[in-house]
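Student: File my_file.tsv follows (TSV, C-alpha atoms):
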```
chain	number	residue	atom	x	y	z
X	1	MET	CA	-24.67	19.29	-14.51
X	2	ILE	CA	-23.06	16.21	-12.99
X	3	HIS	CA	-25.57	13.52	-12.04
X	4	THR	CA	-24.64	10.41	-10.08
X	5	ALA	CA	-26.78	7.85	-8.28
X	6	VAL	CA	-26.72	4.37	-6.80
X	7	VAL	CA	-30.15	2.86	-7.43
X	8	LYS	CA	-32.15	-0.28	-6.67
X	9	ASP	CA	-34.48	-0.09	-9.70
X	10	PRO	CA	-33.55	-0.99	-13.30
X	11	ILE	CA	-31.46	1.59	-15.14
X	12	ASP	CA	-33.01	3.43	-18.09
X	13	PRO	CA	-30.00	4.05	-20.39
X	14	ALA	CA	-31.83	6.67	-22.46
X	15	ALA	CA	-32.59	8.68	-19.34
X	16	VAL	CA	-28.91	8.65	-18.32
X	17	LEU	CA	-27.83	9.69	-21.82
X	18	ALA	CA	-30.39	12.48	-21.71
X	19	ARG	CA	-28.51	13.93	-18.72
X	20	VAL	CA	-25.66	14.99	-21.02
X	21	GLY	CA	-25.29	16.79	-24.34
X	22	ALA	CA	-25.24	20.46	-25.19
X	23	ALA	CA	-25.16	22.71	-28.25
X	24	GLU	CA	-21.38	23.07	-27.90
X	25	ASP	CA	-20.75	19.32	-27.50
X	26	GLY	CA	-19.87	17.40	-30.65
X	27	ALA	CA	-19.43	14.05	-28.89
X	28	ALA	CA	-21.70	12.10	-26.56
X	29	LEU	CA	-20.93	8.60	-25.29
X	30	LEU	CA	-23.01	6.04	-23.41
X	31	PHE	CA	-21.30	3.07	-21.73
X	32	LEU	CA	-23.40	0.22	-20.35
X	33	GLY	CA	-22.12	-2.45	-18.00
X	34	THR	CA	-24.25	-5.56	-18.44
X	35	VAL	CA	-24.57	-8.79	-16.48
X	36	ARG	CA	-23.06	-11.57	-18.60
X	37	ASN	CA	-23.97	-15.24	-18.51
X	38	HIS	CA	-20.55	-16.59	-17.61
X	39	ALA	CA	-17.67	-16.11	-15.17
X	40	ASP	CA	-14.55	-18.19	-14.58
X	41	GLY	CA	-15.77	-20.84	-17.01
X	42	SER	CA	-19.11	-21.35	-15.24
X	43	THR	CA	-22.60	-20.34	-16.31
X	44	VAL	CA	-24.08	-17.43	-14.39
X	45	ARG	CA	-27.84	-17.04	-13.92
X	46	GLY	CA	-27.68	-13.70	-12.12
X	47	VAL	CA	-25.74	-11.50	-9.73
X	48	THR	CA	-26.35	-9.53	-6.56
X	49	TYR	CA	-24.64	-6.18	-6.07
X	50	GLU	CA	-24.21	-4.91	-2.52
X	51	SER	CA	-22.98	-1.42	-1.63
X	52	TYR	CA	-21.79	0.53	1.37
X	53	GLU	CA	-24.60	2.90	0.62
X	54	GLN	CA	-23.48	5.93	2.64
X	55	MET	CA	-19.98	5.79	1.12
X	56	ALA	CA	-20.75	4.64	-2.44
X	57	ALA	CA	-22.76	7.76	-3.24
X	58	PRO	CA	-20.02	10.27	-2.34
X	59	VAL	CA	-17.27	8.16	-3.96
X	60	LEU	CA	-19.25	7.94	-7.20
X	61	ALA	CA	-19.80	11.71	-7.14
X	62	GLU	CA	-16.06	12.23	-6.57
X	63	ILE	CA	-15.17	10.00	-9.53
X	64	ALA	CA	-17.60	11.95	-11.72
X	65	ARG	CA	-16.04	15.27	-10.65
X	66	GLU	CA	-12.59	13.96	-11.58
X	67	ALA	CA	-13.93	12.86	-14.97
X	68	ALA	CA	-15.39	16.32	-15.52
X	69	GLU	CA	-11.85	17.71	-15.21
X	70	ILE	CA	-10.76	15.43	-18.07
X	71	LEU	CA	-13.86	16.25	-20.04
X	72	GLY	CA	-13.72	20.00	-19.75
X	73	THR	CA	-17.48	20.01	-19.17
X	74	ASP	CA	-19.73	18.96	-16.30
X	75	HIS	CA	-21.83	16.87	-18.67
X	76	VAL	CA	-21.57	13.58	-16.78
X	77	GLY	CA	-24.25	11.09	-15.80
X	78	VAL	CA	-23.38	7.92	-13.87
X	79	VAL	CA	-25.88	5.47	-12.42
X	80	HIS	CA	-24.87	2.23	-10.66
X	81	ARG	CA	-27.44	-0.37	-9.76
X	82	VAL	CA	-27.49	-2.58	-6.66
X	83	GLY	CA	-29.62	-5.55	-5.65
X	84	ASP	CA	-30.50	-8.67	-7.65
X	85	LEU	CA	-29.84	-8.47	-11.41
X	86	ALA	CA	-30.61	-11.03	-14.10
X	87	VAL	CA	-28.33	-11.77	-17.07
X	88	GLY	CA	-28.66	-8.96	-19.60
X	89	GLU	CA	-29.64	-6.30	-17.08
X	90	HIS	CA	-27.48	-3.20	-16.78
X	91	SER	CA	-25.33	-2.77	-13.68
X	92	VAL	CA	-23.95	0.64	-14.64
X	93	ALA	CA	-24.62	3.39	-17.18
X	94	ILE	CA	-22.09	6.14	-17.88
X	95	ALA	CA	-22.93	9.08	-20.14
X	96	VAL	CA	-20.56	11.93	-20.99
X	97	SER	CA	-20.45	14.66	-23.60
X	98	SER	CA	-17.80	17.15	-24.64
X	99	PRO	CA	-16.90	19.37	-27.58
X	100	HIS	CA	-14.57	16.69	-29.01
X	101	ARG	CA	-14.51	12.89	-28.92
X	102	ALA	CA	-11.06	12.35	-27.41
X	103	GLN	CA	-12.01	13.81	-24.04
X	104	ALA	CA	-15.34	11.96	-24.04
X	105	TYR	CA	-13.70	8.57	-24.62
X	106	GLU	CA	-11.03	9.28	-22.02
X	107	ALA	CA	-13.49	10.44	-19.37
X	108	SER	CA	-15.88	7.54	-19.94
X	109	ARG	CA	-13.05	5.04	-19.60
X	110	TYR	CA	-11.75	6.83	-16.51
X	111	ILE	CA	-15.11	6.53	-14.77
X	112	ILE	CA	-15.55	2.78	-15.30
X	113	GLU	CA	-11.94	2.03	-14.34
X	114	GLU	CA	-12.16	4.10	-11.15
X	115	ILE	CA	-15.47	2.46	-10.24
X	116	LYS	CA	-13.73	-0.89	-10.43
X	117	LYS	CA	-10.83	0.35	-8.31
X	118	ARG	CA	-12.57	2.15	-5.47
X	119	LEU	CA	-16.37	2.22	-5.46
X	120	PRO	CA	-17.44	0.29	-2.32
X	121	VAL	CA	-19.65	-2.16	-4.20
X	122	TRP	CA	-19.44	-5.96	-4.24
X	123	LYS	CA	-20.82	-8.56	-6.61
X	124	LYS	CA	-22.02	-12.03	-5.75
X	125	GLU	CA	-22.31	-14.30	-8.77
X	126	HIS	CA	-25.04	-16.94	-8.77
X	127	TYR	CA	-24.08	-19.94	-10.88
X	128	THR	CA	-26.48	-22.37	-12.51
X	129	ASP	CA	-24.82	-25.21	-10.58
X	130	GLY	CA	-26.13	-23.67	-7.34
X	131	ARG	CA	-22.94	-21.97	-6.14
X	132	ASP	CA	-23.01	-18.34	-4.99
X	133	VAL	CA	-19.57	-16.71	-5.01
X	134	TRP	CA	-18.32	-13.19	-4.27
X	135	ALA	CA	-16.48	-12.00	-7.37
X	136	ARG	CA	-12.75	-11.46	-6.98
X	137	GLY	CA	-12.27	-7.73	-6.72
X	138	THR	CA	-9.67	-5.01	-6.39
X	139	THR	CA	-8.26	-3.70	-3.12
X	140	PRO	CA	-8.69	0.10	-3.17
X	141	ARG	CA	-5.29	1.77	-3.37
X	142	GLY	CA	-4.10	4.11	-0.66
X	143	THR	CA	-5.31	1.63	1.94
X	144	GLY	CA	-3.76	-1.23	3.77
X	145	ALA	CA	-0.25	0.17	3.39
X	146	PRO	CA	2.36	-1.15	5.84
X	147	VAL	CA	2.67	1.89	8.15
X	148	PRO	CA	3.89	0.04	10.26
X	149	THR	CA	2.87	-3.56	9.74
X	150	VAL	CA	0.18	-4.89	12.02
X	151	GLU	CA	2.23	-7.98	12.81
X	152	ALA	CA	5.14	-5.83	14.00
X	153	ARG	CA	2.89	-4.05	16.48
X	154	ARG	CA	1.61	-7.21	18.07
Q	1	MET	CA	-13.39	4.56	23.70
Q	2	SER	CA	-15.91	2.78	21.54
Q	3	VAL	CA	-15.96	2.62	17.73
Q	4	GLN	CA	-18.47	1.03	15.39
Q	5	ALA	CA	-17.00	-1.56	13.00
Q	6	LEU	CA	-18.92	-2.35	9.81
Q	7	PHE	CA	-18.46	-5.47	7.70
Q	8	PHE	CA	-19.63	-5.92	4.13
Q	9	ALA	CA	-20.02	-8.70	1.59
Q	10	ALA	CA	-17.47	-11.50	2.11
Q	11	TYR	CA	-16.38	-10.09	5.50
Q	12	ARG	CA	-19.97	-10.00	6.75
Q	13	ASP	CA	-20.48	-13.59	5.57
Q	14	LEU	CA	-17.23	-14.61	7.29
Q	15	LEU	CA	-18.10	-13.02	10.64
Q	16	GLY	CA	-21.85	-13.48	10.56
Q	17	THR	CA	-22.42	-9.87	11.58
Q	18	ARG	CA	-22.71	-6.52	9.85
Q	19	THR	CA	-21.86	-4.25	12.79
Q	20	LEU	CA	-19.86	-4.57	15.95
Q	21	SER	CA	-19.13	-2.11	18.74
Q	22	VAL	CA	-15.47	-2.38	19.75
Q	23	GLU	CA	-13.79	-0.95	22.87
Q	24	LEU	CA	-10.28	0.41	22.27
Q	25	PRO	CA	-7.76	2.39	24.33
Q	26	ASP	CA	-7.73	6.13	23.67
Q	27	GLY	CA	-5.36	6.99	20.84
Q	28	ALA	CA	-5.85	3.65	19.09
Q	29	THR	CA	-5.35	3.55	15.33
Q	30	VAL	CA	-6.97	1.62	12.50
Q	31	ALA	CA	-4.13	-0.91	12.79
Q	32	ASP	CA	-4.82	-1.32	16.51
Q	33	LEU	CA	-8.46	-2.08	15.75
Q	34	VAL	CA	-7.46	-4.73	13.22
Q	35	VAL	CA	-5.10	-6.33	15.77
Q	36	ALA	CA	-7.82	-6.27	18.44
Q	37	LEU	CA	-10.36	-7.92	16.15
Q	38	ARG	CA	-7.98	-10.55	14.77
Q	39	GLY	CA	-6.93	-11.29	18.35
Q	40	ARG	CA	-10.44	-12.52	19.12
Q	41	GLY	CA	-9.61	-15.73	17.25
Q	42	ALA	CA	-11.86	-17.54	14.80
Q	43	PRO	CA	-13.52	-16.36	12.68
Q	44	PHE	CA	-12.02	-12.87	13.18
Q	45	ASP	CA	-8.46	-14.08	12.62
Q	46	ALA	CA	-9.44	-14.81	9.00
Q	47	LEU	CA	-9.66	-11.07	8.32
Q	48	PRO	CA	-6.65	-9.83	6.33
Q	49	VAL	CA	-3.70	-8.49	8.33
Q	50	GLU	CA	-4.02	-5.24	6.38
Q	51	PRO	CA	-7.56	-4.92	5.10
Q	52	ALA	CA	-8.80	-1.86	3.23
Q	53	VAL	CA	-10.62	0.29	5.76
Q	54	ALA	CA	-12.74	3.42	5.57
Q	55	VAL	CA	-13.10	5.72	8.57
Q	56	ASN	CA	-16.27	7.77	8.52
Q	57	ARG	CA	-16.75	6.86	4.84
Q	58	ALA	CA	-13.29	7.85	3.58
Q	59	TYR	CA	-10.48	5.37	2.85
Q	60	ALA	CA	-7.90	5.44	5.63
Q	61	PHE	CA	-4.37	4.24	6.24
Q	62	PRO	CA	-3.59	1.81	9.08
Q	63	SER	CA	-1.82	4.62	10.97
Q	64	GLU	CA	-4.95	6.80	11.12
Q	65	PRO	CA	-5.96	7.56	14.72
Q	66	LEU	CA	-9.52	6.74	15.73
Q	67	ARG	CA	-11.90	8.86	17.77
Q	68	PRO	CA	-14.83	7.81	19.93
Q	69	GLY	CA	-17.86	6.96	17.82
Q	70	ASP	CA	-15.96	6.58	14.56
Q	71	GLU	CA	-17.56	4.40	11.89
Q	72	VAL	CA	-14.85	2.02	10.69
Q	73	ALA	CA	-15.81	-0.02	7.64
Q	74	PHE	CA	-13.87	-3.09	6.55
Q	75	ILE	CA	-13.87	-3.02	2.75
Q	76	PRO	CA	-13.35	-6.34	0.95
Q	77	PRO	CA	-11.84	-6.07	-2.56
Q	78	VAL	CA	-14.41	-4.05	-4.51
Q	79	ALA	CA	-16.16	-5.40	-7.61
Q	80	GLY	CA	-18.52	-2.75	-8.95
Q	81	GLY	CA	-19.05	-1.80	-12.57
```
Produce structure tokens that represent the structure in this file.
Tutor:
Amino acid sequence: MIHTAVVKDPIDPAAVLARVGAAEDGAALLFLGTVRNHADGSTVRGVTYESYEQMAAPVLAEIAREAAEILGTDHVGVVHRVGDLAVGEHSVAIAVSSPHRAQAYEASRYIIEEIKKRLPVWKKEHYTDGRDVWARGTTPRGTGAPVPTVEARR
Amino acid sequence: MSVQALFFAAYRDLLGTRTLSVELPDGATVADLVVALRGRGAPFDALPVEPAVAVNRAYAFPSEPLRPGDEVAFIPPVAGG
């Protein structure tokens, strides 16, 4: 069964991994995204993730369904955390399992890459020098296309 | 008609507000809303000319027509994961 969630409490990686696996699955993978202590050459003391809550949940579920197509199973667990995280805490956990490893690796990679492309979540990095900066992100594709340009309509 | 604009993260910080009710002519599109907001001057004119936008929680093109009561979210570049 596909399980996805956007949560405020710390992620338990073992619990996410326990969402997947089956007698017919020879491969199970767990990916953890973790807050690192540096960004753009500066030292980071923590980050704050913000989400568009009502949209992030359905988009994450959609990404997981697409990954299940790659996987050939519905053995997918994805949990993304929001709120204030310290260095070393997990921001995302992705678990998948499938009969063979190739599909598991591909599906796991697909999920994290799609999260970075289109999940409506933002990260503010808190530096030790006192600065708080929104991380440079990715503009979701399929949006903002020039049809026609806004300037032309003015 | 009236639509509800939502601003997140850097856009909320820029504008100092998370939600805004905006009056638009019937038949207005996402692009028309962006023009109307940017036309208010500072700080709204610092919004991108073509920001990513979601209408009722689905990503939308600038040409998408709006309906009364639509929830139109301005989505800064995303940085999850």
Student: Identify, on the basis of all atoms listed in the file, every residue whose closest approach to stretch 26-40 of chain Q does not exceed 8 Å; exclude the query and any residue fewer than 6 positions from it along the same chain; express the result as a list in words.
Tutor: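 Selected residues are Val150 and Arg154 of chain X; Met1, Ala46, Leu47, Val49, Glu50, Val53, Ala60, Phe61, Pro62, Ser63, Glu64, Pro65, Leu66 and Arg67 of chain Q.
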Student: Record the distance separating atom CA of X:Ser51 and atom CA of X:Ala68, expressed in Å with one decimal.
Tutor: 23.8 Å
Student: Using all atoms listed in the file, which of the listed residues (X:Ala135, X:Lys123, X:Val76, X:Lys8) sits closest to X:Ser108?
Tutor: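 Nearest to X:Ser108: X:Val76.
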Student: Do you know which residues are at most 7 Å from Q:Val55 counting all atoms listed in the file, after dropping those on the same chain fewer than 4 positions away, and could you put them as a list in words?
Tutor: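 My reading of the contact set: Tyr59, Ala60, Asp70, Glu71, Val72 and Ala73 of chain Q.
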Student: Every residue with an atom at most 12 Å from (-22.9, 18.6, -17.3) (file coordinates; all atoms listed in the file) is what I'm after, so could you write them as an MDAnalysis selection string?
Tutor: chainID X and resid 1:4 16:25 28 64:65 67:69 71:78 95:99
Student: Tell me which of Q:Gly41, Q:Pro77, Q:Gly69, Q:Pro25 sits closest to chain X, counting all atoms listed in the file.
Tutor: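 The shortest atom-to-atom distance to chain X comes from Q:Pro77.
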Student: Identify, on the basis of all atoms listed in the file, every residue whose closest approach to X:Tyr110 does not exceed 9 Å; exclude the query and any residue fewer than 6 positions from it along the same chain; express the result as a tab-separated table (two decimals) with C-alpha atoms, keeping the file's coordinate frame.
Tutor:
```tsv
chain	number	residue	atom	x	y	z
X	63	ILE	CA	-15.17	10.00	-9.53
X	66	GLU	CA	-12.59	13.96	-11.58
X	67	ALA	CA	-13.93	12.86	-14.97
X	70	ILE	CA	-10.76	15.43	-18.07
```
Student: Please, which residues are within 7 Å of (-29.1, -7.6, -10.7) by the file's coordinates, counting all atoms listed in the file, and could they come as a ChimeraX atom specification?
Tutor: /X:46-49,82-86,89,91
Student: Measuring between all atoms listed in the file, which one of X:Arg81, X:Arg36, X:Arg101, X:Arg131 shows the shortest distance to chain Q?
Tutor: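 For chain Q, the nearest of the candidates is X:Arg81.
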Student: If you count all atoms listed in the file, which residues fall within 9 Å of stretch 14-16 of chain Q, apart from same-chain ones fewer than 5 positions away, as a list in words?
Tutor: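 Close residues of stretch 14-16 of chain Q: Phe7, Ala9, Ala42, Pro43, Phe44, Ala46 and Leu47 of chain Q.
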Student: Write a file of the just-selected residues containing C-alpha atoms, as an mmCIF file, in the frame of the given file.
Tutor:
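Output (result.cif):
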```cif
data_model
loop_
_atom_site.group_PDB
_atom_site.id
_atom_site.type_symbol
_atom_site.label_atom_id
_atom_site.label_comp_id
_atom_site.auth_asym_id
_atom_site.auth_seq_id
_atom_site.Cartn_x
_atom_site.Cartn_y
_atom_site.Cartn_z
ATOM 1 C CA PHE Q 7 -18.460 -5.470 7.700
ATOM 2 C CA ALA Q 9 -20.020 -8.700 1.590
ATOM 3 C CA ALA Q 42 -11.860 -17.540 14.800
ATOM 4 C CA PRO Q 43 -13.520 -16.360 12.680
ATOM 5 C CA PHE Q 44 -12.020 -12.870 13.180
ATOM 6 C CA ALA Q 46 -9.440 -14.810 9.000
ATOM 7 C CA LEU Q 47 -9.660 -11.070 8.320
#
```
Student: Atom CA of Q:Ala79 and atom CA of X:Trp134, how far apart in Å?
Tutor: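 Between these atoms lies a distance of 8.7 Å.
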Student: For X:Thr34, list every protein, DNA or RNA residue within 9 Å, evaluated using all atoms listed in the file, and leave out those in the same chain fewer than 3 positions away; present the list as a list of chain:residue names.
Tutor: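 Those residues are X:Val87, X:Gly88, X:Glu89, X:His90, X:Ser91, X:Val92, Q:Gly81.
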Student: What does the distance between atom CA of X:Tyr127 and atom CA of Q:Arg12 come to in Å, to one decimal place?
Tutor: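 Taking atom CA of X:Tyr127 and atom CA of Q:Arg12, their separation equals 20.7 Å.
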Student: Rank nothing, just name the residue among X:Ala104, X:Thr138, X:Gly33, X:Ala93 nearest to X:Trp122, using all atoms listed in the file.
Tutor: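 Nearest candidate to X:Trp122 out of X:Ala104, X:Thr138, X:Gly33, X:Ala93: X:Thr138.
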Student: Counting only C-alpha atoms, which of Q:Arg57, Q:Pro68, Q:Arg18, Q:Tyr11 gets nearest to chain X?
Tutor: Q:Arg57
Student: Kindly list the centre and edge lengths in Å, rounded to one decimal, for the axis-aligned box that covers all listed atoms of stretch 64-81 of chain Q plus 3 Å on each of its six sides, as lines of an AutoDock Vina configuration file.
Tutor:
```
center_x = -12.0
center_y = 1.3
center_z = 3.7
size_x = 20.1
size_y = 21.2
size_z = 38.5
```
Student: From the options X:Ala107, X:Val44, X:Ile11, X:Met55, which residue's atoms come nearest to chain Q, counting all atoms listed in the file?
Tutor: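 For chain Q, the nearest of the given residues is X:Met55.
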